[in-house]
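The structure under discussion appears below in the form of structure tokens.
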Amino acid sequence: MLTPKVELLTVTSNAEKLIEAAGRTSYLSFDKQGEDTEKRFIRMLIKSGHLSVLEHAYATFRISGASRSFTHQLVRHRLCSFIQQSQRYVDERNFNYIEPDSIKNNPEAHSVFIDFMEKAKAAYLKLNSLKIKKEDARYVLPNAVESQIVVSANFREWRHIIDLRGKPQSQWEFRRVAIEILKILKKHAPTVFGDFEIDEEKEIIKEV
């Protein structure tokens, strides 16, 4: 099974305590803060739909081993911030590519796919030999080309992405990324993301 690599670069320190401190500003109920009080407070916020308070905490991930097809979907989440590997400046003569399991496990489809990847690579090399700039030679590169991207978002947006992209109908590559992100965020903010459950067998995320 092909799974992109998800690496946490940074996350808000004491994120859940920060969320509680910010949220209690609405009620001026700072006197109610204590050990583990953030857990009940955050569960109350989520249950009542006051998710804007979660926007005070952030997490940044580096995602590699994923396709341009995946990153095209990811950047649609406009509340995130992105930095992506540039095909304009990076030489892609020896590009790696992502092959879907449905193609890899079908011998005839696999043959077609590999043949096309080799032709795309040959076309890129030919354009390179003709002194065509990388920014123009990249036009022959397929969506399967491996890319790397750094993405930052607040916890409210991460909840939205995880919920939307973890569903069974979501595209398989994005779903696997969402699962890996959720595993990491559960360690750093277990209450904020505690109502999401991973079904490893079905490779989906469920809200409980």
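We label chains A, B, ... in the order they appear in the structure tokens, count residues from 1 in each chain, and number ligands from 1 in the order shown.
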Can you pull out the residues contacting stretch 194-206 of chain A? Cut-off 6 Å, using only C-alpha atoms, and skip same-chain residues under 5 positions away; I want them as a PyMOL selection string. chain A and resi 166-168
Pull C-alpha atoms from the residues just selected and write them as a PDB file, in the first residue's frame.
ATOM      1  CA  GLY A 166     -11.475  11.079   5.484  1.00  0.00           C
ATOM      2  CA  LYS A 167     -14.832   9.960   4.149  1.00  0.00           C
ATOM      3  CA  PRO A 168     -15.159   6.759   2.039  1.00  0.00           C
TER       4      PRO A 168
END
As JSON, numbers by chain, please: the residues near A:Phe70 (cut-off 9 Å, only C-alpha atoms, same-chain neighbours under 6 positions excluded). {"A": [143, 144, 147, 171, 173, 174]}
Measure the distance from atom CA of A:Phe95 to atom CA of A:Cys80 in Å and round it to one decimal. 26.7 Å
Return the single residue from A:Leu182, A:Leu45, A:Leu127, A:Val90 that is closest to A:His160, with distances computed using only C-alpha atoms.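 The shortest atom-to-atom distance to A:His160 comes from A:Leu182.
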Residues of chain A classed as strand (DSSP E) by DSSP on the backbone are to be reported as an mmCIF file with N, CA and C atoms, in the first residue's frame.
data_model
loop_
_atom_site.group_PDB
_atom_site.id
_atom_site.type_symbol
_atom_site.label_atom_id
_atom_site.label_comp_id
_atom_site.auth_asym_id
_atom_site.auth_seq_id
_atom_site.Cartn_x
_atom_site.Cartn_y
_atom_site.Cartn_z
ATOM 1 N N LYS A 5 4.306 10.323 2.934
ATOM 2 C CA LYS A 5 4.949 10.630 4.213
ATOM 3 C C LYS A 5 4.442 11.971 4.723
ATOM 4 N N VAL A 6 3.978 11.984 5.966
ATOM 5 C CA VAL A 6 3.475 13.206 6.599
ATOM 6 C C VAL A 6 4.355 13.495 7.809
ATOM 7 N N GLU A 7 4.995 14.652 7.799
ATOM 8 C CA GLU A 7 5.918 15.034 8.867
ATOM 9 C C GLU A 7 5.427 16.322 9.537
ATOM 10 N N LEU A 8 5.274 16.288 10.846
ATOM 11 C CA LEU A 8 4.883 17.485 11.593
ATOM 12 C C LEU A 8 6.095 18.392 11.743
ATOM 13 N N LEU A 9 5.996 19.619 11.258
ATOM 14 C CA LEU A 9 7.081 20.579 11.386
ATOM 15 C C LEU A 9 6.941 21.412 12.656
ATOM 16 N N THR A 10 5.717 21.811 12.958
ATOM 17 C CA THR A 10 5.476 22.562 14.191
ATOM 18 C C THR A 10 3.997 22.511 14.544
ATOM 19 N N VAL A 11 3.738 22.636 15.843
ATOM 20 C CA VAL A 11 2.362 22.690 16.330
ATOM 21 C C VAL A 11 2.345 23.636 17.525
ATOM 22 N N TYR A 58 -2.413 26.136 15.720
ATOM 23 C CA TYR A 58 -1.994 25.824 14.356
ATOM 24 C C TYR A 58 -1.100 24.585 14.319
ATOM 25 N N ALA A 59 -1.050 23.980 13.148
ATOM 26 C CA ALA A 59 -0.099 22.897 12.895
ATOM 27 C C ALA A 59 0.397 23.013 11.464
ATOM 28 N N THR A 60 1.683 22.721 11.275
ATOM 29 C CA THR A 60 2.311 22.767 9.956
ATOM 30 C C THR A 60 2.901 21.401 9.628
ATOM 31 N N PHE A 61 2.596 20.905 8.433
ATOM 32 C CA PHE A 61 3.077 19.592 8.000
ATOM 33 C C PHE A 61 3.852 19.698 6.689
ATOM 34 N N ARG A 62 4.846 18.821 6.552
ATOM 35 C CA ARG A 62 5.479 18.604 5.256
ATOM 36 C C ARG A 62 4.972 17.265 4.725
ATOM 37 N N ILE A 63 4.440 17.285 3.520
ATOM 38 C CA ILE A 63 3.904 16.068 2.899
ATOM 39 C C ILE A 63 4.744 15.738 1.675
ATOM 40 N N SER A 64 5.306 14.545 1.654
ATOM 41 C CA SER A 64 6.127 14.110 0.519
ATOM 42 C C SER A 64 5.679 12.721 0.071
ATOM 43 N N GLY A 65 6.156 12.314 -1.091
ATOM 44 C CA GLY A 65 5.742 11.018 -1.615
ATOM 45 C C GLY A 65 4.308 11.011 -2.091
ATOM 46 N N ALA A 66 3.807 12.197 -2.426
ATOM 47 C CA ALA A 66 2.434 12.338 -2.925
ATOM 48 C C ALA A 66 2.477 12.936 -4.327
ATOM 49 N N SER A 67 1.409 12.783 -5.057
ATOM 50 C CA SER A 67 1.365 13.215 -6.452
ATOM 51 C C SER A 67 0.909 14.662 -6.592
ATOM 52 N N SER A 81 -2.129 27.725 4.344
ATOM 53 C CA SER A 81 -0.990 28.375 3.695
ATOM 54 C C SER A 81 -0.098 27.286 3.129
ATOM 55 N N PHE A 82 0.437 27.516 1.910
ATOM 56 C CA PHE A 82 1.174 26.464 1.209
ATOM 57 C C PHE A 82 2.514 26.949 0.672
ATOM 58 N N ILE A 83 3.481 26.045 0.642
ATOM 59 C CA ILE A 83 4.712 26.190 -0.123
ATOM 60 C C ILE A 83 4.941 24.844 -0.800
ATOM 61 N N GLN A 84 5.056 24.842 -2.129
ATOM 62 C CA GLN A 84 5.180 23.583 -2.856
ATOM 63 C C GLN A 84 6.454 23.543 -3.692
ATOM 64 N N GLU A 146 5.677 12.895 -8.548
ATOM 65 C CA GLU A 146 5.778 13.093 -7.105
ATOM 66 C C GLU A 146 6.125 14.535 -6.777
ATOM 67 N N SER A 147 5.508 15.043 -5.720
ATOM 68 C CA SER A 147 5.761 16.417 -5.309
ATOM 69 C C SER A 147 5.896 16.476 -3.798
ATOM 70 N N GLN A 148 6.310 17.631 -3.305
ATOM 71 C CA GLN A 148 6.448 17.869 -1.874
ATOM 72 C C GLN A 148 5.799 19.221 -1.565
ATOM 73 N N ILE A 149 5.081 19.259 -0.460
ATOM 74 C CA ILE A 149 4.363 20.482 -0.124
ATOM 75 C C ILE A 149 4.346 20.670 1.393
ATOM 76 N N VAL A 150 4.439 21.919 1.820
ATOM 77 C CA VAL A 150 4.302 22.271 3.236
ATOM 78 C C VAL A 150 2.988 23.028 3.394
ATOM 79 N N VAL A 151 2.200 22.626 4.387
ATOM 80 C CA VAL A 151 0.886 23.227 4.576
ATOM 81 C C VAL A 151 0.673 23.567 6.042
ATOM 82 N N SER A 152 0.182 24.776 6.289
ATOM 83 C CA SER A 152 -0.149 25.235 7.644
ATOM 84 C C SER A 152 -1.629 25.558 7.711
ATOM 85 N N ALA A 153 -2.237 25.229 8.842
ATOM 86 C CA ALA A 153 -3.657 25.554 9.026
ATOM 87 C C ALA A 153 -3.976 25.568 10.509
ATOM 88 N N ASN A 154 -5.052 26.264 10.849
ATOM 89 C CA ASN A 154 -5.493 26.242 12.240
ATOM 90 C C ASN A 154 -6.287 24.961 12.504
ATOM 91 N N PHE A 196 -12.891 12.011 16.315
ATOM 92 C CA PHE A 196 -12.620 11.339 15.049
ATOM 93 C C PHE A 196 -11.972 9.987 15.326
ATOM 94 N N GLU A 197 -12.453 8.978 14.627
ATOM 95 C CA GLU A 197 -11.943 7.621 14.810
ATOM 96 C C GLU A 197 -11.458 7.074 13.475
ATOM 97 N N ILE A 198 -10.312 6.402 13.490
ATOM 98 C CA ILE A 198 -9.732 5.837 12.265
ATOM 99 C C ILE A 198 -10.095 4.363 12.162
ATOM 100 N N ASP A 199 -10.672 3.989 11.041
ATOM 101 C CA ASP A 199 -10.921 2.582 10.733
ATOM 102 C C ASP A 199 -9.791 2.134 9.819
ATOM 103 N N ILE A 204 -10.653 4.682 6.447
ATOM 104 C CA ILE A 204 -11.562 5.823 6.482
ATOM 105 C C ILE A 204 -11.512 6.462 7.870
ATOM 106 N N ILE A 205 -12.037 7.671 7.971
ATOM 107 C CA ILE A 205 -12.166 8.370 9.248
ATOM 108 C C ILE A 205 -13.635 8.552 9.548
ATOM 109 N N LYS A 206 -14.008 8.221 10.772
ATOM 110 C CA LYS A 206 -15.396 8.357 11.193
ATOM 111 C C LYS A 206 -15.481 9.334 12.359
ATOM 112 N N GLU A 207 -16.557 10.104 12.399
ATOM 113 C CA GLU A 207 -16.792 11.008 13.523
ATOM 114 C C GLU A 207 -17.678 10.269 14.518
#
Please identify all polymer residues within 12 Å of A:Tyr139, counting only C-alpha atoms, omitting same-chain residues fewer than 5 positions from it, and present them as a ChimeraX atom specification. /A:87-88,92,120-121,123-124,127-128,132-134,145
DSSP helix (DSSP H, G or I) residues within stretch 38-86 of chain A, as a ChimeraX atom specification: /A:38-48,51-56,68-74
Nearest candidate to A:Trp158 (options A:Glu55, A:Glu135, A:Asp31, A:Glu20; using only C-alpha atoms):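 Of the candidates, the smallest distance to A:Trp158 is held by A:Glu55.
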Could you check how far atom CA of A:His77 sits from atom CA of A:Ile161, in Å to one decimal?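 Separating atom CA of A:His77 from atom CA of A:Ile161 is a distance of 7.9 Å.
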